[in-house]
Amino acid sequence: MADGSGQLLAISDLHISHAENRAFVERMAPDSEDDWLIVAGDVSETVDDIRWALKTLAGRFRKVVWAPGNHELWTHPRDAVTLRGTARYEYLVEMCRELGVVTPEDPYPVWDGPGGPVAVAPLFLLYDYTFLPAGCATKDEGLAYAHRTGVVCTDEYLLHPDPYPSREAWCRDRVALTEQRLAALPEDMPTVLVNHYPLDRHPMEVLWYPEFAMWCGTRLTADWHRRFRVAAMVYGHLHIPRTTRHEGVRFEEVSVGYPREWRKRPGTPGRPRRIMPVEGQDR
């Protein structure tokens, strides 16, 4: 860091197909030339939008770290890019590399500014329907319940797992691959884990529609915040921005959400959350 004033910042769920949210990206700027920005998924549904936003941010921040959300993985009828499943994900990874944006397929960069050093690890894990609604024992029971209540994630129609037979199969493969990479980090290196979905189910306790938890992660990562020396777990997806602590670990939900949601909240919308240094920590 040039003068020790850098910050590790994070934001997610920009949803820039909404003009008001696009304006947040147009205005977003670092406080210091040493600031990094984590973008934890759901930039938009179309490749052109995703490219514009990440290119804009990469031109302003020292480093941009991206983890995909479900919206980036949709094969949306409005998108000129019609790739599905892993082919779409790989296309986005190559696009990010051209822009100088760090992806889950790249070496994990080490933040060595205030609050560091920490390895910043963007993850791509998906979900496997193990966060079931109360009274449901299987994915089929959970989906049947969701359809009865009318709370069904659009992923069921637009997020294709090709060539995997299912989204949960893709998830389990990603979890196994990522677990190996995290286990290979130095044993004395703290981490900031960045995933579109929380690594543990506890943030779903406040959902208005509990059945939506099925599309929010996997029980396979329930101990990762302990196993991998996590200084902060950064996620989005729920559109409930807040800080919680679970078993002594800080979980940061950094989403912007849709205009109808952020208009109801106090404070200035569209501002990244500071992850490092921790509030109150010397900079």
# chains A, B, ... in the order shown; residues from 1 in each chain; ligands from 1
$ select_by_dssp --residues "stretch 59-268 of chain A" --states "helix (DSSP H, G or I)" --output "ChimeraX atom specification"
/A:70-73,85-99,139-149,155-158,167-183,202-206,210-215,219-221,224-227,259-262
$ residues_around --residues "stretch 11-15 of chain A" --least-positions-apart "6" --cutoff "10 Å" --atoms "only C-alpha atoms" --output "count of residues only"
44
$ select_by_dssp --residues "stretch 30-82 of chain A" --states "strand (DSSP E)" --output "list in words"
Trp36, Leu37, Ile38, Val39, Lys63, Val64, Val65 and Trp66 of chain A
$ write_last_selection --atoms "N, CA and C atoms" --output "PDB file, in the first residue's frame"
ATOM      1  N   TRP A  36      -9.292  -1.759  -2.532  1.00  0.00           N
ATOM      2  CA  TRP A  36      -9.763  -2.905  -3.296  1.00  0.00           C
ATOM      3  C   TRP A  36     -11.274  -2.986  -3.161  1.00  0.00           C
ATOM      4  N   LEU A  37     -11.926  -3.587  -4.155  1.00  0.00           N
ATOM      5  CA  LEU A  37     -13.376  -3.774  -4.106  1.00  0.00           C
ATOM      6  C   LEU A  37     -13.734  -5.226  -4.390  1.00  0.00           C
ATOM      7  N   ILE A  38     -14.481  -5.822  -3.461  1.00  0.00           N
ATOM      8  CA  ILE A  38     -15.083  -7.140  -3.643  1.00  0.00           C
ATOM      9  C   ILE A  38     -16.481  -6.942  -4.219  1.00  0.00           C
ATOM     10  N   VAL A  39     -16.811  -7.689  -5.272  1.00  0.00           N
ATOM     11  CA  VAL A  39     -18.159  -7.678  -5.847  1.00  0.00           C
ATOM     12  C   VAL A  39     -18.692  -9.108  -5.735  1.00  0.00           C
ATOM     13  N   LYS A  63      -7.778  -3.100  -7.115  1.00  0.00           N
ATOM     14  CA  LYS A  63      -8.079  -4.476  -7.497  1.00  0.00           C
ATOM     15  C   LYS A  63      -9.566  -4.723  -7.295  1.00  0.00           C
ATOM     16  N   VAL A  64     -10.173  -5.440  -8.222  1.00  0.00           N
ATOM     17  CA  VAL A  64     -11.565  -5.867  -8.098  1.00  0.00           C
ATOM     18  C   VAL A  64     -11.594  -7.387  -8.058  1.00  0.00           C
ATOM     19  N   VAL A  65     -12.328  -7.922  -7.085  1.00  0.00           N
ATOM     20  CA  VAL A  65     -12.456  -9.365  -6.879  1.00  0.00           C
ATOM     21  C   VAL A  65     -13.923  -9.719  -7.050  1.00  0.00           C
ATOM     22  N   TRP A  66     -14.219 -10.647  -7.959  1.00  0.00           N
ATOM     23  CA  TRP A  66     -15.610 -10.982  -8.293  1.00  0.00           C
ATOM     24  C   TRP A  66     -15.919 -12.445  -7.994  1.00  0.00           C
TER      25      TRP A  66
END
$ atom_distance --atom1 "atom CA of A:Leu9" --atom2 "atom CA of A:Gly100"
17.3 Å
$ residues_around --residues "stretch 86-95 of chain A" --least-positions-apart "6" --cutoff "10 Å" --atoms "only C-alpha atoms" --output "list in words"
Val47, Ile50, Arg51, Leu54, Lys55, Trp66, Ala67, Pro68, Glu72, Leu73, Trp74, Thr75, Val101, Val102, Thr103, Pro104, Glu105, Asp106, Phe124, His160, Pro161, Asp162, Pro163, Tyr164 and Trp170 of chain A
$ decode --residues "stretch 2-33 of chain A" --atoms "N, CA and C atoms" --output "CSV table (one decimal), in the first residue's frame"
chain,number,residue,atom,x,y,z
A,2,ALA,N,0.5,2.2,-0.8
A,2,ALA,CA,1.3,3.4,-0.9
A,2,ALA,C,1.5,4.2,0.3
A,3,ASP,N,0.4,4.4,1.1
A,3,ASP,CA,0.5,5.2,2.3
A,3,ASP,C,-0.2,4.6,3.5
A,4,GLY,N,-0.6,3.3,3.4
A,4,GLY,CA,-1.3,2.6,4.5
A,4,GLY,C,-2.7,3.0,4.7
A,5,SER,N,-3.3,3.7,3.7
A,5,SER,CA,-4.7,4.2,3.9
A,5,SER,C,-5.7,3.4,3.1
A,6,GLY,N,-5.3,2.3,2.5
A,6,GLY,CA,-6.2,1.5,1.7
A,6,GLY,C,-7.2,0.8,2.5
A,7,GLN,N,-8.3,0.5,1.8
A,7,GLN,CA,-9.4,-0.3,2.5
A,7,GLN,C,-9.8,-1.4,1.6
A,8,LEU,N,-10.2,-2.5,2.2
A,8,LEU,CA,-10.8,-3.7,1.5
A,8,LEU,C,-12.3,-3.5,1.6
A,9,LEU,N,-13.0,-3.2,0.5
A,9,LEU,CA,-14.4,-2.8,0.5
A,9,LEU,C,-15.2,-3.9,-0.2
A,10,ALA,N,-16.5,-4.0,0.0
A,10,ALA,CA,-17.3,-5.0,-0.6
A,10,ALA,C,-18.7,-4.5,-0.9
A,11,ILE,N,-19.3,-5.1,-1.9
A,11,ILE,CA,-20.7,-4.8,-2.3
A,11,ILE,C,-21.2,-6.0,-3.1
A,12,SER,N,-22.5,-6.1,-3.2
A,12,SER,CA,-23.1,-7.2,-4.0
A,12,SER,C,-24.5,-6.8,-4.4
A,13,ASP,N,-25.0,-7.6,-5.3
A,13,ASP,CA,-26.4,-7.5,-5.7
A,13,ASP,C,-26.7,-6.0,-6.3
A,14,LEU,N,-25.8,-5.6,-7.2
A,14,LEU,CA,-26.0,-4.3,-7.8
A,14,LEU,C,-27.2,-4.2,-8.7
A,15,HIS,N,-27.5,-5.3,-9.4
A,15,HIS,CA,-28.7,-5.4,-10.2
A,15,HIS,C,-28.8,-4.1,-11.1
A,16,ILE,N,-27.8,-3.9,-11.9
A,16,ILE,CA,-27.8,-2.7,-12.7
A,16,ILE,C,-28.7,-2.6,-13.9
A,17,SER,N,-29.6,-3.6,-14.1
A,17,SER,CA,-30.6,-3.5,-15.1
A,17,SER,C,-31.6,-2.4,-14.6
A,18,HIS,N,-31.6,-2.1,-13.3
A,18,HIS,CA,-32.4,-1.0,-12.8
A,18,HIS,C,-31.6,0.3,-12.9
A,19,ALA,N,-32.1,1.3,-13.6
A,19,ALA,CA,-31.4,2.6,-13.9
A,19,ALA,C,-30.8,3.2,-12.6
A,20,GLU,N,-31.6,3.2,-11.5
A,20,GLU,CA,-31.2,3.8,-10.3
A,20,GLU,C,-29.9,3.1,-9.7
A,21,ASN,N,-29.9,1.8,-9.9
A,21,ASN,CA,-28.7,1.0,-9.4
A,21,ASN,C,-27.5,1.2,-10.3
A,22,ARG,N,-27.8,1.3,-11.6
A,22,ARG,CA,-26.7,1.6,-12.6
A,22,ARG,C,-26.0,2.9,-12.2
A,23,ALA,N,-26.8,3.8,-11.7
A,23,ALA,CA,-26.2,5.1,-11.3
A,23,ALA,C,-25.3,5.0,-10.1
A,24,PHE,N,-25.5,4.0,-9.3
A,24,PHE,CA,-24.6,3.7,-8.2
A,24,PHE,C,-23.2,3.4,-8.7
A,25,VAL,N,-23.1,2.5,-9.7
A,25,VAL,CA,-21.8,2.1,-10.3
A,25,VAL,C,-21.2,3.3,-11.0
A,26,GLU,N,-22.0,4.1,-11.7
A,26,GLU,CA,-21.5,5.3,-12.3
A,26,GLU,C,-20.8,6.3,-11.4
A,27,ARG,N,-21.3,6.3,-10.1
A,27,ARG,CA,-20.8,7.3,-9.1
A,27,ARG,C,-19.7,6.6,-8.2
A,28,MET,N,-19.6,5.3,-8.2
A,28,MET,CA,-18.8,4.6,-7.2
A,28,MET,C,-17.3,4.9,-7.5
A,29,ALA,N,-16.6,5.3,-6.4
A,29,ALA,CA,-15.2,5.6,-6.5
A,29,ALA,C,-14.5,5.3,-5.2
A,30,PRO,N,-13.2,4.9,-5.3
A,30,PRO,CA,-12.5,4.6,-4.0
A,30,PRO,C,-12.2,5.9,-3.3
A,31,ASP,N,-11.9,5.7,-2.0
A,31,ASP,CA,-11.5,6.8,-1.1
A,31,ASP,C,-9.9,7.0,-1.3
A,32,SER,N,-9.3,5.9,-1.7
A,32,SER,CA,-7.8,6.0,-1.8
A,32,SER,C,-7.4,5.2,-3.0
A,33,GLU,N,-6.3,5.5,-3.6
A,33,GLU,CA,-5.8,4.8,-4.7
A,33,GLU,C,-5.4,3.4,-4.4
